[in-house]
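Everything on this sheet refers to the single structure shown next.
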Amino acid sequence: MSVRLDRFTLLLIGAIVLASFLPVTGQAADWVSVSGSVAVALLFFFHGAALSREQIVAGATHWRLHIVITALTFVLFPLMVLPINELSKIAPSWMPQDLGIGFLYLGVLPSAVSSSIAYTAMARGNVPAAICSAAASNVFGMMLTPFLLLLLVSTSGTGDFSVAEALKDIVLQLLLPFALGHACRPWLGGYLARNESLMARYDQCVIWLIVYSAFSHSVESGLWETLPVKAIVLTVALCLGLLGLFMVLARFLVRRFGFSLQDEAAVVFCGSKKSLASGLPMAKVLFSGHPGFGMIVLPIMCYNQIQVIVGAILAQKYRAKIDAAERG
């Protein structure tokens, strides 16, 4: 089966190429950075307004399934990336320090909402469970991701981050806009529900701006001089390995607890995916001004593209199995 890159993937690749040859610099770079910060705050404001109270608190009736997905996302995945980060100490030519931090960051990100739900629906899996788990993962991820990242960084002895500064930025740029947006839901919720495609395009525009700004800053700081080709190859291989490992682990846990095939599809997609839409905006807050920003976000960008391609193939296989089970 042939797999084509979607338009947004091509746009992200275009942003990296553009930043590599025409990086934004000087005062223009400062304006782009400020614009990105404002855009991120608005992004979480709109997500707060779009998310209903029911979506935030629903799903408690299938608590075992949600515990499995949460454990995969916020416990097992962070533990699995710790050894990868150690490569930055053992083999820095293969795994530069900032790239190791990028894998730590990948490990603590929440599940991807849209693709997790879309692939579960494509597979004819348990869509309500996928909606609840993915939404809850992202809501709690805004609080869990920074804490887990700081915990992993301090545990591994990598990097130098100010806990107080990171928490302040998360509260001001992410949690506060999200809370204000949710408070405005009675006035904005209907409009956002009717214009989901417009909001999806805004999400993509914010991500494109962050990628271009991040790679411009990193290129000016010597990204391509400090990131060897073998490190890029290793990044892709590790992302493939992590995705495969967690899909297999999700299937094992589902069958161990006796869940249905429909539940298995939801757990596999929600438990193995990581959110680019939440990951890049949060990275801009957590690593603002970091010269190695482009290297830090490289793992999540690679992982996202791989999970999109593999997910499309796997969803069709699950659909065939579920259809066969219902017919038989």
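Following the order of the structure tokens, chains are lettered A, B, ..., residues in each are numbered from 1, and ligands are numbered from 1.
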
Do a neighbour search on Leu104 (chain A) at 9 Å with only C-alpha atoms, toss out local chain neighbours closer than 4 positions, and write the hits as a tab-separated table (two decimals) with C-alpha atoms, in the first residue's frame.
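Final output, saved to around-v9.tsv:
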```
chain	number	residue	atom	x	y	z
A	78	PRO	CA	9.04	8.30	30.37
A	81	VAL	CA	13.36	7.20	27.20
A	82	LEU	CA	15.73	7.51	30.17
A	84	ILE	CA	18.12	6.85	25.39
A	85	ASN	CA	19.14	10.07	27.11
A	99	LEU	CA	18.78	15.63	21.30
A	100	GLY	CA	18.81	13.50	24.47
A	108	VAL	CA	6.48	12.95	28.91
A	149	LEU	CA	10.23	16.64	32.36
A	152	LEU	CA	13.57	13.25	34.37
A	153	VAL	CA	16.07	16.03	33.72
```

With region 37-53 of chain A as the partner and 12 Å as the cut-off, tabulate the residues of region 71-135 of chain A that qualify, each row holding the nearest pair of atoms and their distance in Å to one decimal, using only C-alpha atoms, sorted by chain and rising number, as a Markdown table.
```
| residue | atom | partner | partner_atom | distance |
| --- | --- | --- | --- | --- |
| A:Val113 | CA | A:His47 | CA | 11.6 |
| A:Ile131 | CA | A:Leu51 | CA | 11.2 |
| A:Cys132 | CA | A:Leu51 | CA | 11.1 |
| A:Ala134 | CA | A:Leu51 | CA | 12.0 |
| A:Ala135 | CA | A:Leu51 | CA | 8.4 |
```

Atoms to include: C-alpha atoms. Write the selected residues as a PDB file, in the first residue's frame.
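Result file is part-v5.pdb:
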```
ATOM      1  CA  VAL A 113      -6.054  13.831  20.398  1.00  0.00           C
ATOM      2  CA  ILE A 131     -12.214  10.601  23.051  1.00  0.00           C
ATOM      3  CA  CYS A 132     -12.260  10.568  26.858  1.00  0.00           C
ATOM      4  CA  ALA A 134      -7.122  11.499  24.651  1.00  0.00           C
ATOM      5  CA  ALA A 135      -8.901  14.595  25.948  1.00  0.00           C
TER       6      ALA A 135
END
```

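Here CA of Arg251 (chain A) is placed at a distance of 14.5 Å from CA of Asn126 (chain A).
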
Nearby residues (only C-alpha atoms) at most 10 Å from Met122 (chain A), same-chain spacing under 4 positions excluded, as a list in words: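 Everything that qualifies: Ser116, Ile117, Ala118, Val127, Ala265, Gly311, Ala312, Leu314, Ala315, Gln316, Lys317, Tyr318 and Arg319 of chain A.
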
Please measure the separation of CA of Ile207 (chain A) and CA of Phe147 (chain A), giving the value in Å to one decimal.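 Value for the CA of Ile207 (chain A)-CA of Phe147 (chain A) distance: 22.8 Å.
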
Any chance you could tabulate, as CSV, the residues of region 241-322 of chain A at most 12 Å from region 211-217 of chain A with each one's nearest atom pair and distance in Å to one decimal, using only C-alpha atoms, in chain and rising number order?
```
residue,atom,partner,partner_atom,distance
A:Leu276,CA,A:Val211,CA,10.9
A:Ala277,CA,A:Val211,CA,11.5
A:Gly279,CA,A:Val211,CA,11.4
A:Leu280,CA,A:Val211,CA,7.9
A:Pro281,CA,A:Val211,CA,9.7
A:Ala283,CA,A:Ala214,CA,9.9
A:Lys284,CA,A:Ala214,CA,8.1
A:Val285,CA,A:Ala214,CA,11.7
A:Phe287,CA,A:Ala214,CA,9.9
A:Ser288,CA,A:Ala214,CA,9.0
A:Gly289,CA,A:His217,CA,8.1
A:His290,CA,A:His217,CA,8.5
A:Pro291,CA,A:His217,CA,6.6
A:Gly292,CA,A:His217,CA,8.2
A:Phe293,CA,A:Ala214,CA,5.9
A:Gly294,CA,A:Phe215,CA,4.9
A:Met295,CA,A:Phe215,CA,8.4
A:Ile296,CA,A:Ala214,CA,9.7
A:Val297,CA,A:Val211,CA,8.6
A:Leu298,CA,A:Phe215,CA,9.7
A:Ile300,CA,A:Val211,CA,11.6
A:Met301,CA,A:Val211,CA,9.5
```

Just want the 7 Å neighbourhood of Trp208 (chain A), counted on only C-alpha atoms, with same-chain residues fewer than 4 positions away dropped. Output as a list in words.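 What passes the distance filter is Leu12, Ala15, Gln204 and Tyr212 of chain A.
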
List as JSON lines every residue of region 9-67 of chain A that is in contact with region 252-260 of chain A, defined as an atom at most 12 Å from one of its atoms (using only C-alpha atoms), together with the nearest atom pair and the distance in Å rounded to one decimal, sorted by chain and then rising number.
```
{"residue": "A:His62", "atom": "CA", "partner": "A:Phe259", "partner_atom": "CA", "distance": 10.6}
{"residue": "A:Arg64", "atom": "CA", "partner": "A:Phe257", "partner_atom": "CA", "distance": 8.6}
{"residue": "A:Leu65", "atom": "CA", "partner": "A:Phe259", "partner_atom": "CA", "distance": 8.1}
{"residue": "A:His66", "atom": "CA", "partner": "A:Val254", "partner_atom": "CA", "distance": 11.2}
{"residue": "A:Ile67", "atom": "CA", "partner": "A:Leu253", "partner_atom": "CA", "distance": 11.0}
```

I'd like to know which of A:Phe103, A:Trp63, A:Tyr119, A:Phe74 is closest to Leu87 (chain A), using only C-alpha atoms. A:Phe103

Just to confirm, what's the straight-line distance from CA of Gly102 (chain A) to CA of Thr120 (chain A) in Å (one decimal)? 27.4 Å

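With only C-alpha atoms as the basis for measurement, A:Ile69 is the residue among A:Met199, A:Val236, A:Leu18, A:Ile69 that approaches Ala130 (chain A) most closely.
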